[in-house]
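Asks: Data: data-v9.cif, mmCIF, N, CA and C atoms.
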```cif
data_model
#
loop_
_atom_site.group_PDB
_atom_site.id
_atom_site.type_symbol
_atom_site.label_atom_id
_atom_site.label_comp_id
_atom_site.auth_asym_id
_atom_site.auth_seq_id
_atom_site.Cartn_x
_atom_site.Cartn_y
_atom_site.Cartn_z
ATOM 1 N N MET A 228 -198.981 -110.527 -46.843
ATOM 2 C CA MET A 228 -200.282 -110.152 -46.387
ATOM 3 C C MET A 228 -200.475 -110.813 -45.030
ATOM 4 N N ASP A 229 -200.892 -109.999 -44.069
ATOM 5 C CA ASP A 229 -201.191 -110.503 -42.736
ATOM 6 C C ASP A 229 -202.637 -110.970 -42.730
ATOM 7 N N GLY A 230 -202.826 -112.255 -42.614
ATOM 8 C CA GLY A 230 -204.169 -112.819 -42.576
ATOM 9 C C GLY A 230 -204.406 -113.591 -41.296
ATOM 10 N N ILE A 231 -203.782 -113.145 -40.220
ATOM 11 C CA ILE A 231 -203.986 -113.845 -38.946
ATOM 12 C C ILE A 231 -205.454 -113.726 -38.550
ATOM 13 N N ASP A 232 -205.945 -112.500 -38.418
ATOM 14 C CA ASP A 232 -207.362 -112.226 -38.183
ATOM 15 C C ASP A 232 -207.842 -111.346 -39.322
ATOM 16 N N VAL A 233 -209.010 -111.678 -39.883
ATOM 17 C CA VAL A 233 -209.512 -110.961 -41.051
ATOM 18 C C VAL A 233 -210.967 -110.563 -40.850
ATOM 19 N N PHE A 234 -211.349 -109.471 -41.508
ATOM 20 C CA PHE A 234 -212.753 -109.094 -41.538
ATOM 21 C C PHE A 234 -213.408 -109.846 -42.697
ATOM 22 N N ILE A 235 -214.430 -110.634 -42.391
ATOM 23 C CA ILE A 235 -215.157 -111.322 -43.460
ATOM 24 C C ILE A 235 -216.378 -110.522 -43.896
ATOM 25 N N SER A 236 -216.701 -109.475 -43.136
ATOM 26 C CA SER A 236 -217.710 -108.499 -43.541
ATOM 27 C C SER A 236 -217.344 -107.184 -42.877
ATOM 28 N N GLY A 237 -217.857 -106.098 -43.451
ATOM 29 C CA GLY A 237 -217.499 -104.794 -42.904
ATOM 30 C C GLY A 237 -216.066 -104.454 -43.251
ATOM 31 N N GLY A 238 -215.347 -103.891 -42.274
ATOM 32 C CA GLY A 238 -213.968 -103.517 -42.478
ATOM 33 C C GLY A 238 -213.868 -102.153 -43.145
ATOM 34 N N PRO A 239 -212.769 -101.517 -43.179
ATOM 35 C CA PRO A 239 -211.494 -102.006 -42.670
ATOM 36 C C PRO A 239 -211.292 -101.793 -41.166
ATOM 37 N N MET A 240 -212.179 -101.045 -40.521
ATOM 38 C CA MET A 240 -211.985 -100.775 -39.090
ATOM 39 C C MET A 240 -212.888 -101.625 -38.196
ATOM 40 N N ARG A 241 -214.055 -102.003 -38.686
ATOM 41 C CA ARG A 241 -215.023 -102.781 -37.913
ATOM 42 C C ARG A 241 -215.709 -103.797 -38.813
ATOM 43 N N GLY A 242 -216.185 -104.826 -38.205
ATOM 44 C CA GLY A 242 -216.916 -105.836 -38.955
ATOM 45 C C GLY A 242 -216.827 -107.166 -38.257
ATOM 46 N N GLU A 243 -217.245 -108.200 -38.964
ATOM 47 C CA GLU A 243 -217.195 -109.549 -38.408
ATOM 48 C C GLU A 243 -215.805 -110.133 -38.625
ATOM 49 N N LEU A 244 -215.157 -110.478 -37.529
ATOM 50 C CA LEU A 244 -213.803 -111.031 -37.576
ATOM 51 C C LEU A 244 -213.822 -112.545 -37.671
ATOM 52 N N ALA A 245 -212.829 -113.075 -38.347
ATOM 53 C CA ALA A 245 -212.594 -114.514 -38.386
ATOM 54 C C ALA A 245 -211.091 -114.737 -38.224
ATOM 55 N N HIS A 246 -210.732 -115.876 -37.702
ATOM 56 C CA HIS A 246 -209.318 -116.217 -37.528
ATOM 57 C C HIS A 246 -208.885 -117.092 -38.701
ATOM 58 N N ALA A 247 -208.082 -116.524 -39.597
ATOM 59 C CA ALA A 247 -207.580 -117.274 -40.749
ATOM 60 C C ALA A 247 -206.248 -117.937 -40.434
ATOM 61 N N GLY A 248 -205.420 -117.251 -39.642
ATOM 62 C CA GLY A 248 -204.141 -117.828 -39.236
ATOM 63 C C GLY A 248 -203.150 -118.011 -40.365
ATOM 64 N N VAL A 249 -203.122 -117.075 -41.317
ATOM 65 C CA VAL A 249 -202.195 -117.201 -42.448
ATOM 66 C C VAL A 249 -201.355 -115.953 -42.626
ATOM 67 N N MET A 250 -200.203 -116.134 -43.225
ATOM 68 C CA MET A 250 -199.352 -115.056 -43.720
ATOM 69 C C MET A 250 -199.034 -115.445 -45.161
ATOM 70 N N VAL A 251 -199.194 -114.497 -46.085
ATOM 71 C CA VAL A 251 -198.935 -114.769 -47.500
ATOM 72 C C VAL A 251 -197.870 -113.788 -47.967
ATOM 73 N N ALA A 252 -196.866 -114.304 -48.652
ATOM 74 C CA ALA A 252 -195.800 -113.452 -49.168
ATOM 75 C C ALA A 252 -195.521 -113.824 -50.621
ATOM 76 N N GLY A 253 -195.152 -112.836 -51.391
ATOM 77 C CA GLY A 253 -194.812 -113.083 -52.782
ATOM 78 C C GLY A 253 -194.469 -111.779 -53.470
ATOM 79 N N THR A 254 -194.084 -111.874 -54.712
ATOM 80 C CA THR A 254 -193.720 -110.681 -55.469
ATOM 81 C C THR A 254 -194.833 -110.234 -56.416
ATOM 82 N N ASP A 255 -195.862 -111.047 -56.596
ATOM 83 C CA ASP A 255 -196.971 -110.725 -57.485
ATOM 84 C C ASP A 255 -198.158 -110.264 -56.642
ATOM 85 N N ARG A 256 -198.382 -108.949 -56.610
ATOM 86 C CA ARG A 256 -199.445 -108.377 -55.758
ATOM 87 C C ARG A 256 -200.823 -108.873 -56.148
ATOM 88 N N ILE A 257 -201.055 -109.094 -57.437
ATOM 89 C CA ILE A 257 -202.364 -109.571 -57.880
ATOM 90 C C ILE A 257 -202.599 -110.986 -57.377
ATOM 91 N N ALA A 258 -201.594 -111.822 -57.467
ATOM 92 C CA ALA A 258 -201.725 -113.195 -56.986
ATOM 93 C C ALA A 258 -201.984 -113.222 -55.481
ATOM 94 N N ILE A 259 -201.314 -112.357 -54.752
ATOM 95 C CA ILE A 259 -201.529 -112.300 -53.304
ATOM 96 C C ILE A 259 -202.966 -111.872 -53.008
ATOM 97 N N ASP A 260 -203.476 -110.878 -53.727
ATOM 98 C CA ASP A 260 -204.865 -110.465 -53.532
ATOM 99 C C ASP A 260 -205.835 -111.591 -53.878
ATOM 100 N N ALA A 261 -205.537 -112.334 -54.937
ATOM 101 C CA ALA A 261 -206.396 -113.459 -55.329
ATOM 102 C C ALA A 261 -206.421 -114.525 -54.235
ATOM 103 N N VAL A 262 -205.284 -114.793 -53.644
ATOM 104 C CA VAL A 262 -205.230 -115.734 -52.518
ATOM 105 C C VAL A 262 -206.058 -115.193 -51.359
ATOM 106 N N GLY A 263 -205.978 -113.886 -51.121
ATOM 107 C CA GLY A 263 -206.766 -113.271 -50.061
ATOM 108 C C GLY A 263 -208.257 -113.458 -50.275
ATOM 109 N N VAL A 264 -208.718 -113.289 -51.509
ATOM 110 C CA VAL A 264 -210.134 -113.507 -51.817
ATOM 111 C C VAL A 264 -210.507 -114.969 -51.567
ATOM 112 N N ALA A 265 -209.665 -115.885 -51.988
ATOM 113 C CA ALA A 265 -209.937 -117.306 -51.770
ATOM 114 C C ALA A 265 -210.024 -117.630 -50.276
ATOM 115 N N ILE A 266 -209.164 -117.026 -49.484
ATOM 116 C CA ILE A 266 -209.207 -117.240 -48.032
ATOM 117 C C ILE A 266 -210.505 -116.693 -47.458
ATOM 118 N N LEU A 267 -210.882 -115.489 -47.866
ATOM 119 C CA LEU A 267 -212.149 -114.911 -47.395
ATOM 120 C C LEU A 267 -213.325 -115.808 -47.766
ATOM 121 N N ARG A 268 -213.320 -116.333 -48.964
ATOM 122 C CA ARG A 268 -214.395 -117.227 -49.392
ATOM 123 C C ARG A 268 -214.462 -118.480 -48.530
ATOM 124 N N SER A 269 -213.322 -119.016 -48.186
ATOM 125 C CA SER A 269 -213.311 -120.236 -47.369
ATOM 126 C C SER A 269 -213.834 -119.985 -45.961
ATOM 127 N N LEU A 270 -213.796 -118.722 -45.528
ATOM 128 C CA LEU A 270 -214.249 -118.363 -44.186
ATOM 129 C C LEU A 270 -215.692 -117.870 -44.157
ATOM 130 N N GLY A 271 -216.326 -117.730 -45.322
ATOM 131 C CA GLY A 271 -217.705 -117.285 -45.388
ATOM 132 C C GLY A 271 -217.838 -115.779 -45.410
ATOM 133 N N THR A 272 -217.480 -115.169 -46.505
ATOM 134 C CA THR A 272 -217.490 -113.712 -46.642
ATOM 135 C C THR A 272 -218.823 -113.207 -47.191
ATOM 136 N N THR A 273 -218.856 -111.961 -47.611
ATOM 137 C CA THR A 273 -220.074 -111.349 -48.140
ATOM 138 C C THR A 273 -220.420 -111.928 -49.520
ATOM 139 N N PRO A 274 -221.688 -111.826 -49.912
ATOM 140 C CA PRO A 274 -222.069 -112.325 -51.246
ATOM 141 C C PRO A 274 -221.280 -111.664 -52.379
ATOM 142 N N GLU A 275 -220.958 -110.373 -52.242
ATOM 143 C CA GLU A 275 -220.204 -109.670 -53.294
ATOM 144 C C GLU A 275 -218.831 -110.290 -53.509
ATOM 145 N N VAL A 276 -218.192 -110.694 -52.450
ATOM 146 C CA VAL A 276 -216.857 -111.302 -52.555
ATOM 147 C C VAL A 276 -216.969 -112.778 -52.922
ATOM 148 N N ALA A 277 -218.043 -113.423 -52.515
ATOM 149 C CA ALA A 277 -218.195 -114.865 -52.719
ATOM 150 C C ALA A 277 -218.610 -115.245 -54.140
ATOM 151 N N GLN A 278 -219.151 -114.303 -54.904
ATOM 152 C CA GLN A 278 -219.683 -114.619 -56.226
ATOM 153 C C GLN A 278 -218.637 -114.517 -57.325
ATOM 154 N N GLY A 279 -218.820 -115.325 -58.361
ATOM 155 C CA GLY A 279 -217.989 -115.237 -59.552
ATOM 156 C C GLY A 279 -216.595 -115.799 -59.372
ATOM 157 N N LYS A 280 -215.824 -115.668 -60.415
ATOM 158 C CA LYS A 280 -214.439 -116.119 -60.379
ATOM 159 C C LYS A 280 -213.596 -115.085 -59.648
ATOM 160 N N VAL A 281 -212.558 -115.541 -58.996
ATOM 161 C CA VAL A 281 -211.695 -114.647 -58.225
ATOM 162 C C VAL A 281 -211.161 -113.522 -59.100
ATOM 163 N N PHE A 282 -210.716 -113.845 -60.292
ATOM 164 C CA PHE A 282 -210.122 -112.822 -61.151
ATOM 165 C C PHE A 282 -211.167 -111.934 -61.823
ATOM 166 N N GLN A 283 -212.457 -112.158 -61.529
ATOM 167 C CA GLN A 283 -213.509 -111.262 -61.990
ATOM 168 C C GLN A 283 -213.885 -110.243 -60.915
ATOM 169 N N GLN A 284 -213.300 -110.340 -59.729
ATOM 170 C CA GLN A 284 -213.521 -109.334 -58.703
ATOM 171 C C GLN A 284 -213.030 -107.997 -59.250
ATOM 172 N N ASP A 285 -213.818 -106.935 -59.035
ATOM 173 C CA ASP A 285 -213.515 -105.641 -59.652
ATOM 174 C C ASP A 285 -212.079 -105.176 -59.438
ATOM 175 N N GLN A 286 -211.611 -105.212 -58.202
ATOM 176 C CA GLN A 286 -210.269 -104.691 -57.911
ATOM 177 C C GLN A 286 -209.183 -105.543 -58.551
ATOM 178 N N ILE A 287 -209.378 -106.847 -58.552
ATOM 179 C CA ILE A 287 -208.371 -107.731 -59.151
ATOM 180 C C ILE A 287 -208.389 -107.583 -60.670
ATOM 181 N N ALA A 288 -209.581 -107.543 -61.265
ATOM 182 C CA ALA A 288 -209.676 -107.371 -62.719
ATOM 183 C C ALA A 288 -209.025 -106.057 -63.152
ATOM 184 N N ARG A 289 -209.237 -105.001 -62.385
ATOM 185 C CA ARG A 289 -208.633 -103.696 -62.722
ATOM 186 C C ARG A 289 -207.110 -103.747 -62.596
ATOM 187 N N ALA A 290 -206.624 -104.415 -61.569
ATOM 188 C CA ALA A 290 -205.179 -104.539 -61.389
ATOM 189 C C ALA A 290 -204.555 -105.299 -62.562
ATOM 190 N N VAL A 291 -205.257 -106.313 -63.045
ATOM 191 C CA VAL A 291 -204.770 -107.058 -64.217
ATOM 192 C C VAL A 291 -204.738 -106.135 -65.436
ATOM 193 N N GLU A 292 -205.817 -105.342 -65.630
ATOM 194 C CA GLU A 292 -205.852 -104.386 -66.748
ATOM 195 C C GLU A 292 -204.666 -103.432 -66.713
ATOM 196 N N LEU A 293 -204.320 -102.980 -65.517
ATOM 197 C CA LEU A 293 -203.217 -102.033 -65.361
ATOM 198 C C LEU A 293 -201.848 -102.679 -65.436
ATOM 199 N N GLY A 294 -201.818 -104.031 -65.430
ATOM 200 C CA GLY A 294 -200.548 -104.734 -65.510
ATOM 201 C C GLY A 294 -199.754 -104.725 -64.221
ATOM 202 N N LEU A 295 -200.437 -104.524 -63.103
ATOM 203 C CA LEU A 295 -199.734 -104.542 -61.818
ATOM 204 C C LEU A 295 -199.315 -105.967 -61.483
ATOM 205 N N GLU A 296 -198.179 -106.105 -60.868
ATOM 206 C CA GLU A 296 -197.705 -107.421 -60.436
ATOM 207 C C GLU A 296 -197.067 -107.309 -59.094
#
```
Could you render the structure from this file as C-alpha cells?
Replies:
Amino acid sequence: MDGIDVFISGGPMRGELAHAGVMVAGTDRIAIDAVGVAILRSLGTTPEVAQGKVFQQDQIARAVELGLE
C-alpha cells in the first residue's frame, strides 16, 4: 500500500491530504487495510473512520466475513 500521501477526508480524487510517508507490504490484504485505517486515525481522519474498533469498520468486517486474506 502506498501511503506516502493520503487523503484523510474526501478522496479518492480530492480531499484533505496528509503526508504519512509509509509503504506497507504483506500477503494479508485485510491486515494491510487495518494498518491503513490505523494510519489514517493517527493523522486525524473523518469521524466515520475514527470511531470504533478497526476491525468493526464496514469494509474490513465484510472482508473478514468473506475470508479474504
Asks: Mind pulling up the distance from atom CA of A:Ser236 to atom CA of A:Ala252?
Replies: 23.2 Å
Asks: Once the PyMOL selection byres ((chain A and resi 231) around 6) is applied to the coordinates I shared, what remains selected? I want it as an MDAnalysis selection string.
Replies: chainID A and resid 229:230 232:233 245:250
Asks: I'd like the contact shell of A:Ile287 - 12 Å cut-off, only C-alpha atoms, skipping same-chain residues fewer than 4 positions apart - returned as a VMD selection string.
Replies: chain A and resid 255 to 264 276 280 to 283 291 to 296
Asks: Atom C of A:Gly237 to atom CA of A:Thr254: how many Å, to one decimal?
Replies: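 So the answer is 26.2 Å.
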Asks: DSSP says strand (DSSP E or B) for which residues of chain A? Put them as a list in words?
Replies: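 Everything in chain A that counts as strand (DSSP E or B) is Asp229, Gly230, Ile231, Asp232, Val233, Phe234, Ile235, Ser236, Gly237, Gly242, Glu243, Leu244, Ala245, His246, Ala247, Gly248, Val249 and Met250 of chain A.
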Asks: Between atom CA of A:Met228 and atom CA of A:Ile266, what is the spacing in Å?
Replies: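 Rounded to one decimal, the two atoms are 11.5 Å apart.
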Asks: Run DSSP on the backbone and give me the residues of chain A it puts in alpha helix (DSSP H), as a ChimeraX atom specification.
Replies: /A:256-270,274-277,285-293
Asks: Would you mind telling me which residue in A:Ala277, A:Thr272, A:Arg289, A:Gln284 lies nearest to A:Phe234 when using all atoms listed in the file?
Replies: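 Closest to A:Phe234 of all the choices is A:Thr272.
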Asks: Extract stretch 237-252 of chain A from the structure I just pasted (atoms: N, CA, C and O atoms) and return it as a CSV table (one decimal), in the first residue's frame.
Replies:
```csv
chain,number,residue,atom,x,y,z
A,237,GLY,N,-12.5,13.2,2.3
A,237,GLY,CA,-12.7,13.2,0.8
A,237,GLY,C,-12.2,12.0,0.1
A,237,GLY,O,-12.2,10.9,0.7
A,238,GLY,N,-11.6,12.2,-1.0
A,238,GLY,CA,-11.0,11.1,-1.8
A,238,GLY,C,-12.0,10.4,-2.6
A,238,GLY,O,-13.2,10.6,-2.4
A,239,PRO,N,-11.7,9.6,-3.5
A,239,PRO,CA,-10.3,9.2,-3.9
A,239,PRO,C,-9.6,10.2,-4.8
A,239,PRO,O,-8.4,10.0,-5.0
A,240,MET,N,-10.3,11.1,-5.3
A,240,MET,CA,-9.6,12.1,-6.3
A,240,MET,C,-9.3,13.4,-5.6
A,240,MET,O,-8.4,14.1,-6.0
A,241,ARG,N,-10.1,13.8,-4.7
A,241,ARG,CA,-9.9,15.1,-4.0
A,241,ARG,C,-10.2,15.0,-2.5
A,241,ARG,O,-11.0,14.2,-2.1
A,242,GLY,N,-9.6,15.9,-1.8
A,242,GLY,CA,-9.9,15.9,-0.3
A,242,GLY,C,-8.7,16.5,0.4
A,242,GLY,O,-7.8,17.1,-0.2
A,243,GLU,N,-8.7,16.4,1.7
A,243,GLU,CA,-7.6,16.9,2.5
A,243,GLU,C,-6.5,15.9,2.5
A,243,GLU,O,-6.6,14.8,3.0
A,244,LEU,N,-5.3,16.3,2.1
A,244,LEU,CA,-4.1,15.5,2.0
A,244,LEU,C,-3.3,15.6,3.3
A,244,LEU,O,-3.3,16.6,3.9
A,245,ALA,N,-2.7,14.5,3.6
A,245,ALA,CA,-1.7,14.5,4.7
A,245,ALA,C,-0.5,13.6,4.2
A,245,ALA,O,-0.6,12.8,3.4
A,246,HIS,N,0.6,13.9,4.8
A,246,HIS,CA,1.9,13.2,4.4
A,246,HIS,C,2.1,12.1,5.5
A,246,HIS,O,2.4,12.4,6.6
A,247,ALA,N,1.9,10.9,5.1
A,247,ALA,CA,2.1,9.7,6.0
A,247,ALA,C,3.5,9.2,5.9
A,247,ALA,O,4.1,8.8,6.9
A,248,GLY,N,4.0,9.2,4.7
A,248,GLY,CA,5.4,8.7,4.5
A,248,GLY,C,5.6,7.2,4.7
A,248,GLY,O,6.6,6.9,5.3
A,249,VAL,N,4.6,6.4,4.4
A,249,VAL,CA,4.7,5.0,4.7
A,249,VAL,C,4.5,4.2,3.4
A,249,VAL,O,3.8,4.6,2.5
A,250,MET,N,5.1,3.0,3.4
A,250,MET,CA,4.7,1.9,2.4
A,250,MET,C,4.5,0.7,3.2
A,250,MET,O,5.3,0.4,4.1
A,251,VAL,N,3.4,0.0,2.9
A,251,VAL,CA,3.0,-1.2,3.7
A,251,VAL,C,2.9,-2.4,2.7
A,251,VAL,O,2.3,-2.2,1.7
A,252,ALA,N,3.6,-3.5,3.0
A,252,ALA,CA,3.5,-4.6,2.2
A,252,ALA,C,3.2,-5.9,3.0
A,252,ALA,O,3.6,-6.0,4.2
```
